[in-house]
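Below: the structure, in structure tokens.
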Amino acid sequence: MFAIAAGGTQYRFDALKTLLAKASPLRAGDALAGVAAANATERVAAQMALADLPLKRFLTDAIIPYETDEVTRLIIDGHDAQAFSAVASLTVGEFRDWLLSEDAGTAALTALAPGLMPEMVAAVSKLCRNQDLIAIAAKCNVVTRFRGTLGLPGRLSARLQPNHPTDDSKGILASTIDGLLLGSGDAVIGINPASDSPERCHELLSLLDDLRQRLEVPTQTCVLTHVTTAIGLMERGAPVDLVFQSIGGTEALNRSFAVDLATLRESHDAARSLKRGTVGDNVMYFETGQGSALSANAHHGCDQQTLEARAYAVARVFAPLLVNTVVGLIGPEYLRDGKEIIRAGLEDHFCGKLLGLPMGCDVCYTNHAAADQDDMDTLLTLLTAAGVTYIMGVPGADDVMLNYQSTSFHDLLYARTLFDRKPAPEFEAWLVRMGLADAHGRMRDESGRDESGRTKSLPAPFAALLKS
Amino acid sequence: MSDAWTHLRAHTSARIGLPRAGNAVTTREHLAFQMAHAQAQDAVHDALDVESFLAGLRRRDLPALAVRSVAHDRATYLKRPDLGRTLSDSGHALLQTLPPNPADLAIVIADGLSARAVKRHALALLDMLLPVLQQEQWTLAPIVVVEQGRVAIGDDIGAALNAAIVAVLIGERPGLSSPDSLGVYLTWAPRGGLTDGERNCISNIRPEGLSYGNAAARMMFLLTEARRRKLTGVMLKDETLALAVLPASS
């Protein structure tokens, strides 16, 4: 039981998960779940009570029982007490102050990450304003490697997402070429397949692998199919660089995705044994998103942001190359409008980075949410300031397969230029080598007409891809 | 203007090769996007003209009635999916007045997230489907039109109508290039408490996507199999995978 007197009223919170939920900034999904604060005053009272809570309390008070949830067991059994000792004496409120202080530099935060539990970072995020989420995340540095090096300071990468409603090979190639010409794809070239058929996924993997080899692109490819499909494809010798899976912060949610920790371990071992990486062996790609647990009725009365942070605890034991929150895809019953999507995107990036993950964000929205391109520009700009590892690159921001809007290849150029962020170094060198970027890293304009008004043709290596 | 991109655009509706203004796209492309988003947003907020829709059903000699969910307006509907799944008391009462004859199939038509999709495509799809149902001697419950409805509201309606299967025709979440896409959800033995894993879905029904004829053919296949095997959902889907992955343009 947690109690606090504020504004002349006594507030009581029966359990830690209740305190966390009521301290969470307002969002539709928590209201839908019936766990949100009753009003603005109760919310701030909960934040005040949370600020006084010792971080140590999270070590002994599990919000979902240890006995019945393997994610809780993973979090508690894997906790690094020595790393935690740097902040072990602090309350959640003092932890925020410390994170904002000069004592919490990049090295200190990197050393601390294994000592942090997801509930601790979720808790402190609830006491942070957006600028705190940005300022603290910007001090984190997480580097991962496969064929390229992601997450270095001063870099911003992108997943090239060439989805097609019927998985048409030439349609996918067309979008991939467009993205590469605009400097996208250093994080991964990754297709969400329209079909779950293993045969079609195998064909798509071969299509991307062939393109990568013919153009000698220093990147990795992925077909975002279920982990068990990927395991089967690896057994059949398909060119699997990265294993993809959607994950969540409770065992029940992961079961609704038809996945558990044992299956993830199996896929991780299988992908590493292929030794396809050239500069590193981070082989996993995870996607997450606030609200998925409630959507699967697997939330245990917890708020959606805390459960999202617990998904990162699942991710980090597999040393992933990439993790991103698909922040606005879930719809307005979880994140109502641009304000809620922006806040959630910053929270997710902050929590992922503090826990030591290479955190990206699918800056996105659906057409039934009260959000638009202006909101996406705002979130993209804030996340770039916060040092987001990667964003998505979708032709014209319009995903014609998943029917939602994400960031475009052009949005990536905007963010890189405004903040002077470069692509991954291997990919940056490739862009110059291919003549796609000039010596200053500026992307040449391959669309439309040249200076003398002639229509442009594709650079030869790209045109050749379409001939066969 | 013919350039390298014209050839590539033949293969995808994705917005590729956009002309640039600096790092951004040109005004023309920017506004084309804004228009597409405006149409998609308006499609979400459009109301279904129930009276004229019922008139269209009556012209076809189809008994039909209209009900509402307990989500009383669009804002509530978007915020509370649970309310969009719940039939209003007056809707329940109206269904109670019908003769309780068992039916092979109940057809429920709900606005969902795009009333525009229902307005444009639902009757055209029925025109392809109903002659075949009639020919194969399916008995139909009266058609129920739902305002502010989600897929699962069909479970209560199908149960009230004593139907073996319920088919919910519903406006799908509008995409930027597809503000009027109709979806169909088939559920065996409709009743409360079912999950989406117990349904079969046919998506993207519109002239630029899955044609009415192909959608009706796929519906008939699934309905026939559902009746024969007494189930819908994942078990049925697995065996019809080859059909499920037919390109939307076919």
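In the structure tokens, chains take the letters A, B, ... in the order shown, each chain's residues start at 1, and ligands count up from 1 in the order shown.
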
Give me the residues of chain A that have any atom at most 8 Å from an atom of chain B; for each, the nearest atom pair and the distance in Å, rounded to one decimal. Use only C-alpha atoms, sort by chain and number, and format it as JSON lines.
{"residue": "A:Ala28", "atom": "CA", "partner": "B:Lys79", "partner_atom": "CA", "distance": 7.0}
{"residue": "A:Leu32", "atom": "CA", "partner": "B:Arg80", "partner_atom": "CA", "distance": 6.8}
{"residue": "A:His164", "atom": "CA", "partner": "B:Thr12", "partner_atom": "CA", "distance": 7.0}
{"residue": "A:Pro165", "atom": "CA", "partner": "B:Ala248", "partner_atom": "CA", "distance": 7.4}
{"residue": "A:Thr166", "atom": "CA", "partner": "B:Pro247", "partner_atom": "CA", "distance": 5.2}
{"residue": "A:Asp168", "atom": "CA", "partner": "B:His11", "partner_atom": "CA", "distance": 7.5}
{"residue": "A:Lys170", "atom": "CA", "partner": "B:His11", "partner_atom": "CA", "distance": 5.9}
{"residue": "A:Gly171", "atom": "CA", "partner": "B:His11", "partner_atom": "CA", "distance": 4.5}
{"residue": "A:Ile172", "atom": "CA", "partner": "B:Thr12", "partner_atom": "CA", "distance": 7.7}
{"residue": "A:Ala174", "atom": "CA", "partner": "B:Leu8", "partner_atom": "CA", "distance": 5.7}
{"residue": "A:Ser175", "atom": "CA", "partner": "B:Ile16", "partner_atom": "CA", "distance": 6.2}
{"residue": "A:Asp178", "atom": "CA", "partner": "B:Ile16", "partner_atom": "CA", "distance": 6.1}
{"residue": "A:Ala194", "atom": "CA", "partner": "B:Val245", "partner_atom": "CA", "distance": 7.8}
{"residue": "A:Ser195", "atom": "CA", "partner": "B:Val245", "partner_atom": "CA", "distance": 6.0}
{"residue": "A:Ser197", "atom": "CA", "partner": "B:Leu241", "partner_atom": "CA", "distance": 7.9}
{"residue": "A:Pro332", "atom": "CA", "partner": "B:Lys79", "partner_atom": "CA", "distance": 6.3}
{"residue": "A:Glu333", "atom": "CA", "partner": "B:Lys79", "partner_atom": "CA", "distance": 4.6}
{"residue": "A:Arg336", "atom": "CA", "partner": "B:Lys79", "partner_atom": "CA", "distance": 7.4}
{"residue": "A:Thr366", "atom": "CA", "partner": "B:Gly175", "partner_atom": "CA", "distance": 7.9}
{"residue": "A:Asn367", "atom": "CA", "partner": "B:Gln41", "partner_atom": "CA", "distance": 5.7}
{"residue": "A:His368", "atom": "CA", "partner": "B:Val44", "partner_atom": "CA", "distance": 6.1}
{"residue": "A:Pro395", "atom": "CA", "partner": "B:Arg15", "partner_atom": "CA", "distance": 5.1}
{"residue": "A:Gly396", "atom": "CA", "partner": "B:Arg15", "partner_atom": "CA", "distance": 4.9}
{"residue": "A:Ala397", "atom": "CA", "partner": "B:Arg15", "partner_atom": "CA", "distance": 7.9}
{"residue": "A:Asp398", "atom": "CA", "partner": "B:Leu176", "partner_atom": "CA", "distance": 6.6}
{"residue": "A:Asp399", "atom": "CA", "partner": "B:Ala14", "partner_atom": "CA", "distance": 7.1}
{"residue": "A:Val400", "atom": "CA", "partner": "B:Ala14", "partner_atom": "CA", "distance": 6.0}
{"residue": "A:Asn403", "atom": "CA", "partner": "B:Gly175", "partner_atom": "CA", "distance": 4.3}
{"residue": "A:Tyr404", "atom": "CA", "partner": "B:Gly175", "partner_atom": "CA", "distance": 6.1}
{"residue": "A:Gln405", "atom": "CA", "partner": "B:Leu176", "partner_atom": "CA", "distance": 7.7}
{"residue": "A:His410", "atom": "CA", "partner": "B:Ala24", "partner_atom": "CA", "distance": 5.5}
{"residue": "A:Asp411", "atom": "CA", "partner": "B:Ala24", "partner_atom": "CA", "distance": 7.1}
{"residue": "A:Leu413", "atom": "CA", "partner": "B:Asn23", "partner_atom": "CA", "distance": 5.8}
{"residue": "A:Tyr414", "atom": "CA", "partner": "B:Asn23", "partner_atom": "CA", "distance": 5.7}
{"residue": "A:Asp445", "atom": "CA", "partner": "B:Arg20", "partner_atom": "CA", "distance": 7.2}
{"residue": "A:Glu446", "atom": "CA", "partner": "B:Gly17", "partner_atom": "CA", "distance": 7.9}
{"residue": "A:Ser447", "atom": "CA", "partner": "B:Pro19", "partner_atom": "CA", "distance": 5.3}
{"residue": "A:Gly448", "atom": "CA", "partner": "B:Pro19", "partner_atom": "CA", "distance": 5.5}
{"residue": "A:Thr455", "atom": "CA", "partner": "B:Asp3", "partner_atom": "CA", "distance": 5.5}
{"residue": "A:Lys456", "atom": "CA", "partner": "B:Asp3", "partner_atom": "CA", "distance": 6.3}
{"residue": "A:Ser457", "atom": "CA", "partner": "B:Ala4", "partner_atom": "CA", "distance": 5.2}
{"residue": "A:Leu458", "atom": "CA", "partner": "B:Ala4", "partner_atom": "CA", "distance": 6.2}

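Shell of Thr288 (chain A) at 10 Å, with only C-alpha atoms counted and residues fewer than 3 places along the chain excluded, is Gln245, Ser246, Ile247, Gly248, Gly249, Gly291, Ser292, Glu308, Ala309, Ala311, Tyr312, Ala315, Val323, Asn324, Thr325, Val326, Val327, Asp348, Cys361 and Asp362 of chain A.
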
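The neighbours of region 216-232 of chain B here are the residues that come within 8 Å of it, using only C-alpha atoms and leaving out any residue fewer than 4 positions away in the same chain; they are Leu125, Leu126, Met128, Leu129, Val132, Leu133, Ala164, Ile165, Leu186, Thr187, Trp188, Ala189, Glu198, Arg199, Asn200, Ile202, Tyr212, Leu236, Lys237 and Leu243 of chain B.
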
(request) Enumerate, as a ChimeraX atom specification, the complete set of residues in region 3-250 of chain B that a backbone-based DSSP assignment places in helix (DSSP H, G or I). (result) /B:4-9,27-45,50-59,74-79,81-84,89-96,115-135,153-160,196-198,212-229,234-239,241-244

(message) Which residues are near Val124 (chain A)? Cut-off 10 Å, only C-alpha atoms, ignore same chain within fewer than 5 positions. Put them as a ChimeraX atom specification.
(response) /A:20,47,50-51,55,91-97,99,119,133,351

(message) I'd like the neighbourhood of Ala160 (chain B) as a PyMOL selection string, where a residue qualifies if any of its atoms comes within 12 Å (using only C-alpha atoms), though same-chain residues fewer than 3 positions away should be ignored.
(response) chain B and resi 87+91-103+106+141-142+144+153-157+163-166+189-192
